[in-house]
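Everything on this sheet refers to the single structure shown next.
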There are 2 protein chains.
Amino acid sequence: MSRVTIAEVAETAGVSKATVSRVLSGNHKYLRAATRQRVEQAIQQLDYRPSTVARSLTSKRTNTVGVLVADISNPFYPDVFLGIEDRALQQGYSVYLCNTNYDLARGKKYIQSLVDKNVDGVLIMTSSFSPDWLVELARSSTPVIVLDWAVQTHGANVSTIAVDFQRGIDAAVEHLYELGHRRYAHVGGPPQLQTSQDRRAAFLHALARHGIDPADVPVIDGNLRIDGGRQALPQVLALPECPTALFAANDMTALGILFEARAQGLAVPRDLSVVGLDDIWLAAQSDPPLTTVALPRYEIGQLAMRLLFDLLERPREEYIAAVSTRVRTSLTIRSSTGPAPAA
Amino acid sequence: MSRVTIAEVAETAGVSKATVSRVLSGNHKYLRAATRQRVEQAIQQLDYRPSTVARSLTSKRTNTVGVLVADISNPFYPDVFLGIEDRALQQGYSVYLCNTNYDLARGKKYIQSLVDKNVDGVLIMTSSFSPDWLVELARSSTPVIVLDWAVQTHGANVSTIAVDFQRGIDAAVEHLYELGHRRYAHVGGPPQLQTSQDRRAAFLHALARHGIDPADVPVIDGNLRIDGGRQALPQVLALPECPTALFAANDMTALGILFEARAQGLAVPRDLSVVGLDDIWLAAQSDPPLTTVALPRYEIGQLAMRLLFDLLERPREEYIAAVSTRVRTSLTIRSSTGPAPAA
DNA sequence: GTGAAAGCGCTAACAT
DNA sequence: ATGTTAGCGCTTTCAC
């Protein structure tokens, strides 16, 4: 048996399709109570469910959004996604998840597919993205929210969620400084990423406040993954003046450092203090549990959806208007940081 | 400016909408080359993109699928999702990701929403699901593939992907037995889950082959999460006859055991051998790296899509026909297993 | 308050 | 080979 349509409901209720449509949408003021009753009963009886496809064709709304992430395996993203999803579900929205695999072409393809599918909005949560994605979206005036740790969004007319790294990183440096650390190093992300630069800059800036010259702080490039952290440690140890405290660009890197340190017989935090960034669940489970600069990932997801809904309430011309906002970071102290070694 | 439609393309190419539609779909045999040229040029020129919404209204296909997982934060699922996604992308499909949060009501809500959105199929990849989901899907004759470690699908008329735990677990037991282990224990998942029972049964069965009486093998309940593994270890150690080898229901549990063992000053594998199940990426990164029964997660995802596409090629009445299949498990030996202590 | 009719953008007979 | 026509299931003026 095929789908029951609004026409059948209209017929069994003895009214017109228009009337059924009115009780469906709920808004129309003038409706005799009795009529509404009859319609609602017919709906019940036939177990009628409006076709969202047909509805979309006229309404120009699909109640769907697309989310682009680089790689959902990265423990950072699931939390963001959950935040998005919970808000979306509240409003009856469904979410397409698109993994770009760090592949710009694949990302573009996804964007096009989403535009073709007429999504109401797109959330770009990946650090590796390309401006032509935005062009594609602009042409179809599809609203977009960008998690702002990507290149080139600064100044562009896009809605963004910016992350205030400084605050949390300041706290981390403060914490380390009080523990007596004076020689620091940074294990960064891929240097071409804007967010890598931001994180490093925030760290160096915080150190500068304590009178530590950024020029004296070695920076080793990582890749934001565990193996990057592992590979970075030997380079740190080979440094002429071995640092006593390490700040990693993210938790995965920090965990790699932790793992490798153990393999090399180094004790954390006795010989070396390590601070991560993100506060993924794994950070609490490692040995020792990781001190880290926490990013409110779930909130970022929620916020992204909130911004999007804000945008959608505006007239179409204002979709490109920036409704940007900013989230804070904070320090979570665990056990990978301790007093600087005597030496 | 609003969307360019097929009518405009037809006009600028000087043909009818039908003709444009024909070159779009590509199949229609008889088309003068010159005509096709003109149409294609018009398409280019106007940068026309067909509306999938309108298309769906007539074709009854949306080129979308919904995937239900319990919790995408669980490292098991991202790989499955990637497998699904890659296959989907090949066919121009987009994927809705739905996290049930282990909440059956939420899952039902999602199913309804997916049905309303007219998805071409649904993939149920979560272990906690409820049969009325299937009812909902059957009513709209939406094809569904179930990863078969859930209750009640056995025998029901549903397409499933079954996991052959026995093979990999046999290999694991063989491996441990050869290392001299004779006293085993199992840290299982929530006992009410079908898949927990399957895994335990496969383990006990493998042991039986080596003359070890299942009645002598203690089973401690875990929750498939790290903290469950942590909490299980003390119970294991309190056993009258302390086992020398542990088989955990999944890697997260095994990792919890590893973490807790270290905290208690136990050396793995010197004092205790531990085997996990899944082979999530973290298993290779732990210290020591985990010996584990590997599940082909990415393949499961791919397979699920393949089965779905198979189903979609059939006439609608056969959607409920079972196109089930089965995947194998295998043993990945790392360093969490070693010779049994002399004792 | 409610109905009739047009139209959203496309596809698929049926003609020619 | 290509055009004409009639919907797909809904929303939304515009009448009454």
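Residue numbering restarts at 1 for every chain of the structure tokens, chains are lettered A, B, ... in their displayed order, and ligands are numbered from 1 as they appear.
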Proximal residues of chain B relative to chain C (only C-alpha atoms (C1' of nucleotides); 9 Å) as a ChimeraX atom specification
/B:5-7,18,21,50-59
So which bits of segment 199-286 of chain A end up strand (DSSP E) when you DSSP the backbone, as a ChimeraX atom specification?
/A:219-221,245-248,273-278
Interface list for chain B, partner chain D, 7 Å threshold, only C-alpha atoms (C1' of nucleotides), as number ranges by chain
B: 16, 19, 30-32, 57-58
Using only C-alpha atoms and a cut-off of 8 Å, which residues of chain A sit close to chain B? Please list them as a PyMOL selection string.
chain A and resi 3+49-54+56-57+72-73+75+78-79+82+85+92+94-99+113+116-118+140+259+285-287
Give the alpha helix (DSSP H) residues of segment 165-281 of chain B, as assigned by DSSP on the backbone, as number ranges by chain.
B: 165-178, 194-209, 226-237, 251-263, 281
Take the residues from that selection and write them out as a compact mmCIF listing (two decimals), in the first residue's frame, keeping C-alpha atoms.
# COMPACT_ATOMS: atom_id res chain seq x y z
CA PHE B 165 33.07 -14.23 16.52
CA GLN B 166 34.05 -17.84 16.80
CA ARG B 167 36.86 -17.84 14.31
CA GLY B 168 38.85 -14.99 15.80
CA ILE B 169 38.17 -16.06 19.35
CA ASP B 170 39.29 -19.60 18.56
CA ALA B 171 42.56 -18.19 17.34
CA ALA B 172 42.92 -16.10 20.49
CA VAL B 173 42.34 -19.08 22.75
CA GLU B 174 44.69 -21.19 20.69
CA HIS B 175 47.31 -18.48 21.08
CA LEU B 176 46.86 -18.26 24.83
CA TYR B 177 46.78 -21.99 25.30
CA GLU B 178 50.04 -22.40 23.49
CA GLN B 194 22.67 -10.53 22.64
CA THR B 195 26.15 -9.69 21.48
CA SER B 196 27.54 -10.03 25.00
CA GLN B 197 26.10 -13.49 25.17
CA ASP B 198 27.48 -14.37 21.74
CA ARG B 199 30.97 -13.28 22.61
CA ARG B 200 30.98 -15.09 25.90
CA ALA B 201 29.57 -18.24 24.34
CA ALA B 202 32.21 -18.20 21.62
CA PHE B 203 34.94 -17.84 24.22
CA LEU B 204 33.66 -20.64 26.41
CA HIS B 205 33.19 -22.82 23.39
CA ALA B 206 36.75 -22.28 22.29
CA LEU B 207 38.00 -23.14 25.76
CA ALA B 208 35.90 -26.28 25.85
CA ARG B 209 37.73 -27.55 22.81
CA ILE B 226 36.93 1.71 29.96
CA ASP B 227 35.62 2.26 33.44
CA GLY B 228 33.93 -1.12 33.28
CA GLY B 229 37.29 -2.72 32.61
CA ARG B 230 38.88 -0.81 35.44
CA GLN B 231 36.23 -1.93 37.87
CA ALA B 232 36.43 -5.51 36.72
CA LEU B 233 40.08 -6.05 37.46
CA PRO B 234 39.85 -6.03 41.28
CA GLN B 235 37.09 -8.61 41.02
CA VAL B 236 39.35 -10.75 38.91
CA LEU B 237 42.18 -10.45 41.38
CA ASP B 251 38.89 -3.30 23.46
CA MET B 252 37.59 -0.54 25.67
CA THR B 253 37.12 -3.04 28.44
CA ALA B 254 40.55 -4.53 27.79
CA LEU B 255 42.13 -1.10 27.90
CA GLY B 256 40.43 -0.38 31.20
CA ILE B 257 41.94 -3.57 32.51
CA LEU B 258 45.36 -2.55 31.22
CA PHE B 259 45.13 0.88 32.82
CA GLU B 260 43.98 -0.49 36.12
CA ALA B 261 46.59 -3.22 36.09
CA ARG B 262 49.30 -0.64 35.84
CA ALA B 263 47.75 1.37 38.62
CA TRP B 281 43.08 2.28 16.69
For segment 294-301 of chain A, work out the shell of residues within 7 Å, counting only C-alpha atoms (C1' of nucleotides) and skipping chain neighbours fewer than 6 positions away, then give it as a PyMOL selection string.
chain A and resi 79-84+277-279+329-332
As a compact mmCIF listing (two decimals) with C-alpha atoms, in the first residue's frame, please: chain A after a least-squares superposition onto chain B using all C-alpha atoms matched in order.
# COMPACT_ATOMS: atom_id res chain seq x y z
CA MET A 1 18.72 35.57 -7.62
CA SER A 2 16.80 32.39 -7.37
CA ARG A 3 17.60 28.93 -8.50
CA VAL A 4 17.78 28.23 -12.23
CA THR A 5 15.19 25.66 -13.25
CA ILE A 6 14.81 23.12 -15.95
CA ALA A 7 12.39 25.42 -17.73
CA GLU A 8 15.05 28.07 -18.24
CA VAL A 9 17.46 25.53 -19.55
CA ALA A 10 14.81 24.28 -21.94
CA GLU A 11 14.15 27.77 -23.15
CA THR A 12 17.73 28.81 -23.75
CA ALA A 13 18.40 25.51 -25.49
CA GLY A 14 15.24 25.93 -27.52
CA VAL A 15 13.83 22.57 -26.54
CA SER A 16 11.17 21.25 -24.16
CA LYS A 17 11.62 20.45 -20.51
CA ALA A 18 11.15 16.81 -21.35
CA THR A 19 14.17 16.83 -23.59
CA VAL A 20 16.33 18.45 -20.96
CA SER A 21 15.15 15.88 -18.50
CA ARG A 22 16.17 13.19 -20.95
CA VAL A 23 19.72 14.35 -21.36
CA LEU A 24 19.92 14.77 -17.61
CA SER A 25 18.93 11.24 -16.81
CA GLY A 26 21.27 10.04 -19.51
CA ASN A 27 19.39 6.88 -20.27
CA HIS A 28 16.96 7.77 -23.06
CA LYS A 29 18.30 6.15 -26.24
CA TYR A 30 17.00 8.36 -28.94
CA LEU A 31 18.46 11.80 -28.80
CA ARG A 32 19.96 13.66 -31.68
CA ALA A 33 23.56 14.41 -30.89
CA ALA A 34 23.08 18.03 -31.88
CA THR A 35 20.17 18.42 -29.49
CA ARG A 36 22.07 16.92 -26.62
CA GLN A 37 24.91 19.30 -27.39
CA ARG A 38 22.68 22.33 -27.24
CA VAL A 39 21.14 21.23 -24.00
CA GLU A 40 24.44 20.45 -22.40
CA GLN A 41 25.75 23.79 -23.41
CA ALA A 42 22.75 25.56 -21.93
CA ILE A 43 23.27 23.62 -18.72
CA GLN A 44 26.88 24.70 -18.61
CA GLN A 45 26.13 28.26 -19.46
CA LEU A 46 23.44 28.68 -16.84
CA ASP A 47 25.29 26.50 -14.37
CA TYR A 48 22.12 24.57 -13.89
CA ARG A 49 21.82 22.03 -11.07
CA PRO A 50 18.68 19.95 -10.89
CA SER A 51 16.74 20.23 -7.65
CA THR A 52 17.00 16.92 -5.89
CA VAL A 53 13.92 17.80 -3.88
CA ALA A 54 11.72 18.16 -6.93
CA ARG A 55 13.32 15.09 -8.40
CA SER A 56 12.59 13.11 -5.27
CA LEU A 57 8.97 14.07 -5.33
CA THR A 58 8.43 12.24 -8.57
CA SER A 59 11.10 9.60 -8.45
CA LYS A 60 10.42 8.47 -4.88
CA ARG A 61 14.14 8.28 -4.31
CA THR A 62 16.05 10.71 -2.14
CA ASN A 63 19.58 9.33 -2.45
CA THR A 64 19.93 9.49 1.28
CA VAL A 65 20.35 6.89 3.99
CA GLY A 66 20.15 7.07 7.74
CA VAL A 67 22.64 5.40 10.03
CA LEU A 68 21.82 4.70 13.64
CA VAL A 69 24.63 4.19 16.09
CA ALA A 70 24.49 4.25 19.85
CA ASP A 71 27.32 6.69 20.33
CA ILE A 72 29.75 7.91 17.71
CA SER A 73 32.24 8.67 20.49
CA ASN A 74 32.77 4.96 20.80
CA PRO A 75 35.86 4.45 18.63
CA PHE A 76 34.24 1.45 17.07
CA TYR A 77 31.72 3.40 15.05
CA PRO A 78 33.70 6.00 13.17
CA ASP A 79 35.37 3.28 11.13
CA VAL A 80 32.05 1.69 10.29
CA PHE A 81 30.74 5.07 9.33
CA LEU A 82 33.68 5.72 7.05
CA GLY A 83 33.01 2.48 5.24
CA ILE A 84 29.38 3.44 4.80
CA GLU A 85 30.23 6.90 3.70
CA ASP A 86 32.79 5.96 1.09
CA ARG A 87 30.39 3.59 -0.62
CA ALA A 88 27.59 6.09 -0.30
CA LEU A 89 29.62 8.87 -1.84
CA GLN A 90 30.44 6.69 -4.81
CA GLN A 91 26.75 6.39 -5.57
CA GLY A 92 25.92 10.00 -4.87
CA TYR A 93 24.27 9.22 -1.58
CA SER A 94 24.38 11.34 1.56
CA VAL A 95 24.28 9.92 5.04
CA TYR A 96 22.33 11.07 8.08
CA LEU A 97 24.12 10.17 11.27
CA CYS A 98 21.85 9.47 14.22
CA ASN A 99 23.20 8.89 17.72
CA THR A 100 20.65 7.11 19.83
CA ASN A 101 22.59 7.62 23.06
CA TYR A 102 21.50 4.09 23.96
CA ASP A 103 18.00 5.53 24.24
CA LEU A 104 15.36 3.39 22.57
CA ALA A 105 12.80 6.17 22.47
CA ARG A 106 15.25 8.51 20.84
CA GLY A 107 16.02 5.81 18.33
CA LYS A 108 12.38 5.40 17.48
CA LYS A 109 12.02 9.13 17.04
CA TYR A 110 14.94 9.08 14.67
CA ILE A 111 13.50 6.23 12.68
CA GLN A 112 10.26 8.11 12.26
CA SER A 113 12.05 11.23 11.22
CA LEU A 114 14.05 9.27 8.67
CA VAL A 115 10.95 7.64 7.30
CA ASP A 116 9.28 11.01 7.01
CA LYS A 117 12.32 12.31 5.22
CA ASN A 118 11.88 9.43 2.84
CA VAL A 119 15.37 8.01 3.12
CA ASP A 120 16.06 5.19 0.72
CA GLY A 121 17.27 2.96 3.51
CA VAL A 122 18.27 2.71 7.13
CA LEU A 123 21.34 1.09 8.61
CA ILE A 124 21.00 0.02 12.22
CA MET A 125 24.45 -0.39 13.67
CA THR A 126 23.70 -0.17 17.36
CA SER A 127 23.51 -3.05 19.76
CA SER A 128 20.70 -1.53 21.77
CA PHE A 129 17.67 -1.39 19.58
CA SER A 130 14.08 -2.30 19.78
CA PRO A 131 11.97 -4.41 17.43
CA ASP A 132 9.35 -1.71 17.05
CA TRP A 133 11.88 0.22 15.06
CA LEU A 134 11.62 -2.48 12.47
CA VAL A 135 7.84 -2.29 12.55
CA GLU A 136 8.00 1.40 11.82
CA LEU A 137 10.31 0.77 8.91
CA ALA A 138 8.29 -2.10 7.55
CA ARG A 139 5.14 -0.01 7.40
CA SER A 140 6.79 2.38 5.03
CA SER A 141 8.63 -0.50 3.38
CA THR A 142 11.92 1.23 3.97
CA PRO A 143 14.80 -1.18 3.43
CA VAL A 144 16.90 -1.80 6.48
CA ILE A 145 20.18 -3.53 7.22
CA VAL A 146 20.93 -4.53 10.79
CA LEU A 147 24.34 -5.22 12.19
CA ASP A 148 23.41 -8.45 13.80
CA TRP A 149 24.46 -8.27 17.35
CA ALA A 150 21.12 -7.11 18.48
CA VAL A 151 18.34 -8.97 20.16
CA GLN A 152 15.52 -10.63 18.28
CA THR A 153 16.70 -10.22 14.74
CA HIS A 154 17.48 -13.88 14.46
CA GLY A 155 14.86 -15.46 12.32
CA ALA A 156 13.05 -12.21 11.66
CA ASN A 157 12.77 -11.28 8.06
CA VAL A 158 15.46 -8.64 8.04
CA SER A 159 18.70 -8.23 6.18
CA THR A 160 21.59 -8.57 8.53
CA ILE A 161 25.33 -8.54 8.72
CA ALA A 162 26.38 -11.21 11.13
CA VAL A 163 29.75 -11.29 12.82
CA ASP A 164 31.50 -14.60 13.09
CA PHE A 165 33.15 -14.18 16.45
CA GLN A 166 34.12 -17.81 16.73
CA ARG A 167 36.94 -17.80 14.27
CA GLY A 168 38.92 -14.96 15.79
CA ILE A 169 38.20 -16.04 19.32
CA ASP A 170 39.33 -19.57 18.54
CA ALA A 171 42.61 -18.17 17.36
CA ALA A 172 42.95 -16.08 20.52
CA VAL A 173 42.35 -19.07 22.76
CA GLU A 174 44.72 -21.17 20.73
CA HIS A 175 47.33 -18.47 21.15
CA LEU A 176 46.84 -18.25 24.90
CA TYR A 177 46.74 -21.98 25.36
CA GLU A 178 50.04 -22.40 23.59
CA LEU A 179 51.51 -19.79 25.90
CA GLY A 180 50.64 -22.14 28.73
CA HIS A 181 47.54 -20.46 30.11
CA ARG A 182 45.07 -22.78 31.83
CA ARG A 183 43.07 -20.47 34.08
CA TYR A 184 40.90 -18.00 32.18
CA ALA A 185 38.26 -15.44 32.93
CA HIS A 186 35.96 -13.34 30.81
CA VAL A 187 34.99 -9.73 31.31
CA GLY A 188 31.79 -9.45 29.36
CA GLY A 189 29.44 -6.74 28.15
CA PRO A 190 26.00 -6.05 29.58
CA PRO A 191 24.59 -9.56 29.89
CA GLN A 192 21.22 -8.68 28.41
CA LEU A 193 22.75 -7.76 25.07
CA GLN A 194 22.69 -10.50 22.51
CA THR A 195 26.17 -9.68 21.38
CA SER A 196 27.54 -10.01 24.91
CA GLN A 197 26.10 -13.48 25.06
CA ASP A 198 27.48 -14.35 21.64
CA ARG A 199 30.97 -13.24 22.53
CA ARG A 200 30.96 -15.07 25.81
CA ALA A 201 29.56 -18.21 24.23
CA ALA A 202 32.22 -18.17 21.54
CA PHE A 203 34.93 -17.82 24.16
CA LEU A 204 33.63 -20.63 26.34
CA HIS A 205 33.18 -22.80 23.30
CA ALA A 206 36.76 -22.25 22.24
CA LEU A 207 37.98 -23.12 25.73
CA ALA A 208 35.88 -26.25 25.79
CA ARG A 209 37.74 -27.52 22.77
CA HIS A 210 40.88 -27.39 24.80
CA GLY A 211 39.29 -29.36 27.56
CA ILE A 212 38.53 -26.45 29.80
CA ASP A 213 35.17 -26.72 31.45
CA PRO A 214 33.09 -23.56 30.87
CA ALA A 215 31.76 -23.97 34.38
CA ASP A 216 35.24 -23.25 35.68
CA VAL A 217 35.52 -19.97 33.83
CA PRO A 218 34.46 -16.93 35.83
CA VAL A 219 32.52 -14.27 33.95
CA ILE A 220 32.50 -10.73 35.24
CA ASP A 221 30.04 -8.23 33.83
CA GLY A 222 31.41 -5.08 32.29
CA ASN A 223 29.76 -2.34 30.31
CA LEU A 224 31.90 -2.25 27.16
CA ARG A 225 33.54 0.91 28.40
CA ILE A 226 36.88 1.71 29.97
CA ASP A 227 35.53 2.25 33.44
CA GLY A 228 33.84 -1.14 33.26
CA GLY A 229 37.20 -2.73 32.61
CA ARG A 230 38.76 -0.84 35.46
CA GLN A 231 36.09 -1.95 37.86
CA ALA A 232 36.29 -5.53 36.70
CA LEU A 233 39.94 -6.07 37.50
CA PRO A 234 39.66 -6.07 41.30
CA GLN A 235 36.90 -8.63 41.01
CA VAL A 236 39.18 -10.78 38.90
CA LEU A 237 41.99 -10.49 41.42
CA ALA A 238 39.65 -11.42 44.23
CA LEU A 239 38.81 -14.70 42.55
CA PRO A 240 39.75 -17.82 44.57
CA GLU A 241 41.91 -19.09 41.76
CA CYS A 242 43.32 -16.07 40.04
CA PRO A 243 43.25 -16.49 36.26
CA THR A 244 46.35 -15.88 34.19
CA ALA A 245 44.54 -14.84 31.04
CA LEU A 246 41.60 -12.50 30.50
CA PHE A 247 39.39 -12.17 27.49
CA ALA A 248 37.45 -8.91 27.37
CA ALA A 249 34.25 -8.36 25.40
CA ASN A 250 35.79 -5.41 23.63
CA ASP A 251 38.90 -3.28 23.47
CA MET A 252 37.57 -0.54 25.69
CA THR A 253 37.08 -3.05 28.45
CA ALA A 254 40.51 -4.52 27.83
CA LEU A 255 42.09 -1.10 27.96
CA GLY A 256 40.37 -0.38 31.24
CA ILE A 257 41.86 -3.58 32.56
CA LEU A 258 45.28 -2.55 31.31
CA PHE A 259 45.03 0.87 32.91
CA GLU A 260 43.85 -0.51 36.21
CA ALA A 261 46.47 -3.24 36.20
CA ARG A 262 49.18 -0.66 35.97
CA ALA A 263 47.60 1.36 38.73
CA GLN A 264 47.63 -1.75 40.91
CA GLY A 265 51.24 -2.50 40.11
CA LEU A 266 50.52 -5.55 38.01
CA ALA A 267 52.67 -6.10 34.93
CA VAL A 268 50.98 -7.09 31.69
CA PRO A 269 51.69 -9.59 30.26
CA ARG A 270 54.11 -10.86 32.90
CA ASP A 271 51.51 -11.30 35.62
CA LEU A 272 48.43 -11.36 33.44
CA SER A 273 47.66 -11.70 29.75
CA VAL A 274 44.83 -9.64 28.30
CA VAL A 275 43.00 -10.01 24.99
CA GLY A 276 40.52 -7.50 23.63
CA LEU A 277 38.06 -7.48 20.76
CA ASP A 278 37.57 -4.91 17.97
CA ASP A 279 41.06 -3.70 17.22
CA ILE A 280 40.27 -0.02 17.54
CA TRP A 281 43.17 2.30 16.77
CA LEU A 282 43.79 2.87 20.42
CA ALA A 283 44.59 -0.81 20.86
CA ALA A 284 47.81 -0.33 18.95
CA GLN A 285 48.75 2.70 21.01
CA SER A 286 48.29 1.44 24.51
CA ASP A 287 51.13 0.28 26.69
CA PRO A 288 51.55 -2.57 26.15
CA PRO A 289 49.88 -2.65 22.75
CA LEU A 290 46.84 -4.85 22.95
CA THR A 291 46.45 -8.32 21.52
CA THR A 292 42.94 -8.37 20.17
CA VAL A 293 40.36 -10.11 18.04
CA ALA A 294 39.96 -7.81 15.06
CA LEU A 295 36.59 -6.91 13.61
CA PRO A 296 36.59 -5.60 10.04
CA ARG A 297 34.76 -2.41 10.87
CA TYR A 298 35.34 -0.49 7.68
CA GLU A 299 34.28 -3.51 5.66
CA ILE A 300 31.16 -3.85 7.74
CA GLY A 301 30.25 -0.33 6.75
CA GLN A 302 30.95 -0.93 3.11
CA LEU A 303 29.09 -4.19 3.16
CA ALA A 304 26.06 -2.61 4.75
CA MET A 305 25.83 -0.13 1.92
CA ARG A 306 26.38 -2.82 -0.65
CA LEU A 307 23.56 -4.89 0.76
CA LEU A 308 21.34 -1.85 0.80
CA PHE A 309 22.04 -1.07 -2.83
CA ASP A 310 21.31 -4.68 -3.68
CA LEU A 311 17.98 -4.34 -1.98
CA LEU A 312 17.17 -1.09 -3.74
CA GLU A 313 17.52 -2.69 -7.12
CA ARG A 314 14.73 -5.06 -6.39
CA PRO A 315 11.03 -4.42 -6.70
CA ARG A 316 9.60 -2.76 -3.66
CA GLU A 317 7.82 -5.86 -2.42
CA GLU A 318 11.08 -7.70 -1.93
CA TYR A 319 12.66 -5.08 0.27
CA ILE A 320 12.09 -7.19 3.32
CA ALA A 321 13.81 -10.14 1.72
CA ALA A 322 16.90 -11.05 3.61
CA VAL A 323 20.18 -10.37 1.83
CA SER A 324 22.16 -11.24 4.90
CA THR A 325 25.84 -11.89 4.99
CA ARG A 326 28.59 -12.55 7.47
CA VAL A 327 32.00 -11.15 8.26
CA ARG A 328 34.95 -12.85 9.87
CA THR A 329 37.10 -11.96 12.80
CA SER A 330 40.80 -12.61 13.13
CA LEU A 331 43.51 -12.38 15.74
CA THR A 332 45.94 -9.49 15.98
CA ILE A 333 48.80 -10.40 18.27
CA ARG A 334 50.56 -7.58 20.06
CA SER A 335 52.18 -7.45 23.46
CA SER A 336 49.49 -7.76 26.08
CA THR A 337 49.76 -11.53 25.91
CA GLY A 338 52.71 -13.60 26.99
CA PRO A 339 53.72 -16.86 28.66
CA ALA A 340 51.66 -17.89 31.66
CA PRO A 341 53.35 -17.06 34.99
CA ALA A 342 55.34 -19.99 36.37
CA ALA A 343 53.32 -20.45 39.55
